[in-house]
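> Handing you a structure now.
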Amino acid sequence: MTRLIATYLVRAEAAAIEARARAIAVEQSVEMPLAAIDDAAVLEDIVGRVEDIADRGNGMFAVRIGLASATIGTDAGQLLNMAFGNTSLHEDVVLADLDLPEALAARFGGPRHGIAGLRARVDAASRALTCAALKPQGLPPARLADLAERLARGGIDFIKDDHGLADQDYAPFAERVAACAAAVQGHRTRYIPSLSGNLDDLRRQARQARDAGADTVMVAPMVAGWSNVVALGRDFPGLALLAHPTMGGFRIAPDLLIGRLFPLIGADAVVFPTHGGRFGYSAATCRRLAENARVSAHRQRPCLPVPAGGMTLARVPELLDFYGPDTMLLIGGGLLAARERLTEETAAFVHAVAGHSYQGKRRWP
């Protein structure tokens, strides 16, 4: 019986950590007293096993637990459930890592387009990519389309919906997508609509986006549901998926959740809050996250990291030196604040990214 290995960071007293680890192993596998189980195969093959406990200091322990791959099946939501379902209710536990058997990882597909596919969309063979966001909430489709057209004239590679844009009365999805897609026609720029709702809604919106000419869409896995994201990718293999991190503060290490698991379930690019912005990720976390996304884990295509969250034109050199050229810088309010000079400020952003020298930093494979 093959097993995946989940690593949890657990805050506990040294005298209690072994019992605590065994309790997590049971909770994440059979969720009942072992003495009540009378099936030898369940006890041998299904019950979680404590593989290792490492003292990290200051009352923190890394607990490695082997969980039966058979409990996952082919459902991405079940992977999340079995790895961290009930244990996520304990405030002193963080899911830090998952080591998946190759056969299990292969069930979820991974990125279908990856870095190379996104580069091909905008004919950018080696430089970093650029992205802007349509904001704020409350604008009608015509106003959003006007912003998209002005950004496209500035030469931006991708324009994505703000993740809060859904199917609201003031900007109905179909109307918004048709207007914004038309606004970027004739430019290299690609428009990325944000999909939302239940699986029927996601599929309907994906068809509408595709019919309007979009070849990339955005989805929030923690809101839409992991199983739905996998289904969306399988149903629309020609659409690249940009994953948004909203609701990602779930006590799963972000370099695991965003950097490895979102690509596992089909994300071709992952948005995340970069260090030094308006969120609290450290530089070390951001580096691990970006590296995890770009590594071809489980023979899958590498995924494009998209640092965001307080991006400014002034930070372009610093962030490109930090992340390297296999990156897409996402800027929202930092461009939109230019107002009547939006096209000019966009062009300055695009020029700064395209002209950066990277101080000899290598490209990722």
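By order in the structure tokens, chains are A, B, ...; within a chain, residues start at 1; ligands start at 1, following the order shown.
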Among range 97-158 of chain A, which residues does DSSP mark as alpha helix (DSSP H) when it is run on the backbone? Keep the chain and numbering as in the structure and answer as a count of residues only.

26

> Tell me which protein, DNA and RNA residues are within 7 Å of range 144-147 of chain A, counting only C-alpha atoms, leaving out same-chain ones fewer than 4 positions away, and put them as number ranges by chain.

A: 134, 139-140, 151, 179-180, 183

> Set the distance at 12 Å and use only C-alpha atoms: which residues neighbour Tyr191 in chain A once local chain neighbours fewer than 2 positions away are removed? I'd like the list as an NGL selection string.

:A and (121-122 or 131-134 or 144-145 or 147-149 or 151-152 or 156-162 or 176-185 or 187-189 or 193-194 or 209-210 or 212-218 or 239-240 or 242)

> Save out the residues we just selected, C-alpha atoms, as a short mmCIF file (atom, residue, chain, number, x, y, z; two decimals), in the first residue's frame.


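In the end it all went to result_9.cif:
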```
data_model
loop_
_atom_site.label_atom_id
_atom_site.label_comp_id
_atom_site.auth_asym_id
_atom_site.auth_seq_id
_atom_site.Cartn_x
_atom_site.Cartn_y
_atom_site.Cartn_z
CA ARG A 121 0.63 33.64 -25.94
CA VAL A 122 2.42 36.99 -25.90
CA CYS A 131 0.21 41.84 -15.91
CA ALA A 132 -2.29 44.44 -14.73
CA ALA A 133 -5.62 44.17 -12.90
CA LEU A 134 -8.98 45.73 -13.71
CA LEU A 144 -13.65 48.34 -17.37
CA ALA A 145 -13.21 47.88 -21.11
CA LEU A 147 -9.27 50.66 -18.74
CA ALA A 148 -8.36 47.44 -20.58
CA GLU A 149 -7.91 49.29 -23.87
CA LEU A 151 -3.56 49.25 -20.58
CA ALA A 152 -3.26 47.35 -23.85
CA ILE A 156 0.99 45.10 -21.07
CA ASP A 157 1.09 41.32 -21.67
CA PHE A 158 -1.92 40.23 -19.62
CA ILE A 159 -4.86 42.04 -18.04
CA LYS A 160 -6.80 40.10 -15.42
CA ASP A 161 -10.08 40.83 -13.71
CA ASP A 162 -9.85 41.82 -10.09
CA ARG A 176 -17.97 42.34 -19.18
CA VAL A 177 -15.99 39.63 -20.91
CA ALA A 178 -17.27 40.54 -24.36
CA ALA A 179 -16.43 44.22 -23.82
CA CYS A 180 -12.96 43.68 -22.34
CA ALA A 181 -11.97 41.01 -24.86
CA ALA A 182 -12.99 43.34 -27.69
CA ALA A 183 -11.03 46.18 -26.10
CA VAL A 184 -7.69 44.35 -26.37
CA GLN A 185 -8.17 43.07 -29.91
CA HIS A 187 -2.92 44.32 -29.36
CA ARG A 188 -0.58 41.59 -28.15
CA THR A 189 -2.34 41.82 -24.76
CA PRO A 193 -11.56 36.86 -17.05
CA SER A 194 -12.17 35.73 -13.47
CA ALA A 209 -14.63 33.47 -22.25
CA ARG A 210 -13.35 31.11 -24.94
CA ALA A 212 -15.01 35.87 -26.78
CA GLY A 213 -11.43 35.04 -27.71
CA ALA A 214 -9.83 34.57 -24.28
CA ASP A 215 -7.24 31.80 -24.00
CA THR A 216 -6.46 32.27 -20.28
CA VAL A 217 -8.84 32.48 -17.32
CA MET A 218 -8.49 33.01 -13.58
CA LEU A 239 -7.54 27.51 -21.57
CA ALA A 240 -4.56 28.29 -19.35
CA LEU A 242 -4.21 31.50 -13.45
#
```

> Please tabulate, as JSON lines, the residues of range 271-295 of chain A that come within 6 Å of range 308-328 of chain A, each with its closest pair of atoms and the distance in Å to one decimal, counting only C-alpha atoms and ordering rows by chain, then residue number upward.


```
{"residue": "A:Phe272", "atom": "CA", "partner": "A:Ala308", "partner_atom": "CA", "distance": 5.9}
{"residue": "A:Pro273", "atom": "CA", "partner": "A:Gly309", "partner_atom": "CA", "distance": 4.8}
{"residue": "A:Thr274", "atom": "CA", "partner": "A:Ala308", "partner_atom": "CA", "distance": 5.6}
{"residue": "A:Gly277", "atom": "CA", "partner": "A:Gly310", "partner_atom": "CA", "distance": 4.6}
{"residue": "A:Arg278", "atom": "CA", "partner": "A:Gly310", "partner_atom": "CA", "distance": 5.6}
```

> Find the residues around Leu98 in chain A up to 10 Å (only C-alpha atoms counted), leave out those fewer than 5 positions away in its own chain, and share them as a PyMOL selection string.

chain A and resi 4-8+64-66+83+256-257+260-261

> From a DSSP calculation on the backbone, collect every residue of range 156-350 of chain A in strand (DSSP E) and output the set as a PyMOL selection string.

chain A and resi 158-161+190-192+216-219+240-243+269-273+304-308+328-331

> Could you write out the selected residues, including N, CA and C atoms, as a short mmCIF file (atom, residue, chain, number, x, y, z; two decimals), in the first residue's frame?


```
data_model
loop_
_atom_site.label_atom_id
_atom_site.label_comp_id
_atom_site.auth_asym_id
_atom_site.auth_seq_id
_atom_site.Cartn_x
_atom_site.Cartn_y
_atom_site.Cartn_z
N PHE A 158 -0.65 40.80 -20.08
CA PHE A 158 -1.92 40.23 -19.62
C PHE A 158 -2.67 41.26 -18.78
N ILE A 159 -3.99 41.23 -18.89
CA ILE A 159 -4.86 42.04 -18.04
C ILE A 159 -5.85 41.08 -17.41
N LYS A 160 -5.87 41.00 -16.09
CA LYS A 160 -6.80 40.10 -15.42
C LYS A 160 -7.89 40.89 -14.72
N ASP A 161 -9.05 40.27 -14.58
CA ASP A 161 -10.08 40.83 -13.71
C ASP A 161 -9.58 40.90 -12.28
N ARG A 190 -3.33 39.89 -23.70
CA ARG A 190 -4.36 38.89 -23.45
C ARG A 190 -5.19 39.32 -22.23
N TYR A 191 -6.50 39.17 -22.34
CA TYR A 191 -7.42 39.47 -21.24
C TYR A 191 -7.75 38.18 -20.50
N ILE A 192 -7.71 38.23 -19.16
CA ILE A 192 -7.95 37.06 -18.32
C ILE A 192 -9.20 37.29 -17.48
N THR A 216 -6.92 32.42 -21.66
CA THR A 216 -6.46 32.27 -20.28
C THR A 216 -7.55 32.78 -19.36
N VAL A 217 -7.82 32.06 -18.28
CA VAL A 217 -8.84 32.48 -17.32
C VAL A 217 -8.27 32.37 -15.91
N MET A 218 -8.91 33.05 -14.98
CA MET A 218 -8.49 33.01 -13.58
C MET A 218 -9.55 32.32 -12.74
N VAL A 219 -9.08 31.56 -11.74
CA VAL A 219 -9.98 30.89 -10.82
C VAL A 219 -9.32 30.89 -9.45
N ALA A 240 -5.53 28.28 -20.45
CA ALA A 240 -4.56 28.29 -19.35
C ALA A 240 -5.25 28.81 -18.10
N LEU A 241 -4.83 28.31 -16.94
CA LEU A 241 -5.44 28.69 -15.67
C LEU A 241 -4.47 29.50 -14.82
N LEU A 242 -4.92 30.68 -14.43
CA LEU A 242 -4.21 31.50 -13.45
C LEU A 242 -4.93 31.33 -12.12
N ALA A 243 -4.21 30.88 -11.09
CA ALA A 243 -4.82 30.63 -9.78
C ALA A 243 -4.64 31.83 -8.88
N ALA A 269 -0.22 29.32 -13.82
CA ALA A 269 0.43 30.45 -13.16
C ALA A 269 -0.25 30.67 -11.82
N VAL A 270 0.50 31.14 -10.83
CA VAL A 270 -0.06 31.34 -9.50
C VAL A 270 0.26 32.75 -9.01
N VAL A 271 -0.79 33.48 -8.63
CA VAL A 271 -0.64 34.80 -8.03
C VAL A 271 -0.36 34.63 -6.54
N PHE A 272 0.55 35.44 -6.00
CA PHE A 272 0.81 35.39 -4.56
C PHE A 272 1.32 36.76 -4.12
N PRO A 273 1.14 37.10 -2.83
CA PRO A 273 1.59 38.40 -2.33
C PRO A 273 3.09 38.40 -2.09
N LEU A 304 4.22 29.29 -13.70
CA LEU A 304 4.76 30.65 -13.65
C LEU A 304 4.38 31.35 -12.35
N PRO A 305 5.33 31.81 -11.54
CA PRO A 305 5.00 32.59 -10.36
C PRO A 305 4.64 34.03 -10.72
N VAL A 306 3.60 34.56 -10.05
CA VAL A 306 3.09 35.90 -10.35
C VAL A 306 3.05 36.71 -9.06
N PRO A 307 4.17 37.31 -8.65
CA PRO A 307 4.16 38.12 -7.43
C PRO A 307 3.32 39.38 -7.61
N ALA A 308 2.59 39.73 -6.55
CA ALA A 308 1.65 40.86 -6.60
C ALA A 308 1.50 41.42 -5.19
N MET A 328 6.05 36.67 -13.78
CA MET A 328 5.14 37.69 -14.30
C MET A 328 4.83 38.66 -13.17
N LEU A 329 5.21 39.91 -13.33
CA LEU A 329 4.93 40.92 -12.32
C LEU A 329 3.51 41.45 -12.53
N LEU A 330 2.72 41.42 -11.45
CA LEU A 330 1.34 41.87 -11.50
C LEU A 330 1.19 43.17 -10.73
N ILE A 331 0.72 44.20 -11.41
CA ILE A 331 0.54 45.50 -10.79
C ILE A 331 -0.90 45.95 -11.01
#
```

> Can you work out the spacing between CA of Arg150 in chain A and CA of Thr343 in chain A in Å, to one decimal?

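Here the two named atoms are 5.3 Å from each other.
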
> Do a neighbour search on Ile252 in chain A at 12 Å with only C-alpha atoms, toss out local chain neighbours closer than 6 positions, and write the hits as a list in words.

Ala6, Thr7, Tyr8, Leu9, Leu80, Ala83, Phe84, Gly85, Thr87, Ser88, Leu89, Glu91, Asp92, Val93, Val94, Leu95, Ala96, Asp97, Leu98, Met222, Pro245, Ile258, Gly259, Arg260 and Leu261 of chain A

> Name the residues in contact with Gly109 in chain A at a cut-off of 7 Å, using only C-alpha atoms, excluding same-chain residues fewer than 6 positions from it; report them as a PyMOL selection string.

chain A and resi 264-266

> Just N, CA and C atoms for this one: save the residues we selected as a PDB file, in the first residue's frame.


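Contents of the output file out.pdb:
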```pdb
ATOM      1  N   LEU A 264      -0.308  21.517  -9.000  1.00  0.00           N
ATOM      2  CA  LEU A 264      -0.675  20.106  -9.073  1.00  0.00           C
ATOM      3  C   LEU A 264      -2.073  19.921  -9.637  1.00  0.00           C
ATOM      4  N   ILE A 265      -3.015  20.799  -9.253  1.00  0.00           N
ATOM      5  CA  ILE A 265      -4.401  20.652  -9.707  1.00  0.00           C
ATOM      6  C   ILE A 265      -4.684  21.437 -10.984  1.00  0.00           C
ATOM      7  N   GLY A 266      -3.622  21.938 -11.642  1.00  0.00           N
ATOM      8  CA  GLY A 266      -3.819  22.481 -12.977  1.00  0.00           C
ATOM      9  C   GLY A 266      -3.454  23.923 -13.212  1.00  0.00           C
TER      10      GLY A 266
END
```

> Taking 4 positions as the minimum chain separation for residues in the same chain, which residues sit within 9 Å of Pro221 in chain A when counting only C-alpha atoms? Answer as a list in words.

Gly225, Trp226, Ser227, Asn228, Val229, Ala243, His244, Pro245, Thr246, Met247, Gly248, Phe262 and Ile265 of chain A

> Put those residues in a file: N, CA and C atoms, as a short mmCIF file (atom, residue, chain, number, x, y, z; two decimals), in the first residue's frame.


```cif
data_model
loop_
_atom_site.label_atom_id
_atom_site.label_comp_id
_atom_site.auth_asym_id
_atom_site.auth_seq_id
_atom_site.Cartn_x
_atom_site.Cartn_y
_atom_site.Cartn_z
N GLY A 225 -13.23 25.47 -5.26
CA GLY A 225 -13.13 24.06 -4.90
C GLY A 225 -12.12 23.35 -5.78
N TRP A 226 -11.24 22.58 -5.14
CA TRP A 226 -10.16 21.92 -5.88
C TRP A 226 -10.69 20.96 -6.94
N SER A 227 -11.71 20.20 -6.61
CA SER A 227 -12.25 19.23 -7.56
C SER A 227 -12.81 19.95 -8.78
N ASN A 228 -13.43 21.10 -8.58
CA ASN A 228 -13.98 21.87 -9.69
C ASN A 228 -12.88 22.44 -10.57
N VAL A 229 -11.77 22.85 -9.97
CA VAL A 229 -10.65 23.37 -10.75
C VAL A 229 -10.09 22.27 -11.66
N ALA A 243 -4.21 30.88 -11.09
CA ALA A 243 -4.82 30.63 -9.78
C ALA A 243 -4.64 31.83 -8.88
N HIS A 244 -5.73 32.28 -8.26
CA HIS A 244 -5.69 33.40 -7.32
C HIS A 244 -5.63 32.85 -5.89
N PRO A 245 -4.87 33.50 -4.99
CA PRO A 245 -4.66 32.93 -3.66
C PRO A 245 -5.69 33.29 -2.61
N THR A 246 -6.78 33.98 -2.97
CA THR A 246 -7.74 34.39 -1.95
C THR A 246 -8.19 33.20 -1.09
N MET A 247 -8.38 33.42 0.18
CA MET A 247 -8.71 32.40 1.17
C MET A 247 -7.57 31.42 1.39
N GLY A 248 -6.36 31.81 1.01
CA GLY A 248 -5.22 30.92 1.16
C GLY A 248 -4.58 30.94 2.54
N PHE A 262 -1.44 24.20 -5.93
CA PHE A 262 -2.21 24.83 -7.01
C PHE A 262 -1.71 24.37 -8.38
N ILE A 265 -3.02 20.80 -9.25
CA ILE A 265 -4.40 20.65 -9.71
C ILE A 265 -4.68 21.44 -10.98
#
```

> Just give me the gap between CA of Met1 in chain A and CA of Val63 in chain A in Å, one decimal is fine.

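Atom-to-atom, CA of Met1 in chain A and CA of Val63 in chain A are spaced 20.8 Å apart.
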
> So how far away is CA of Ala231 in chain A from CA of Asp75 in chain A, in Å?

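Here the two named atoms are 9.9 Å from each other.
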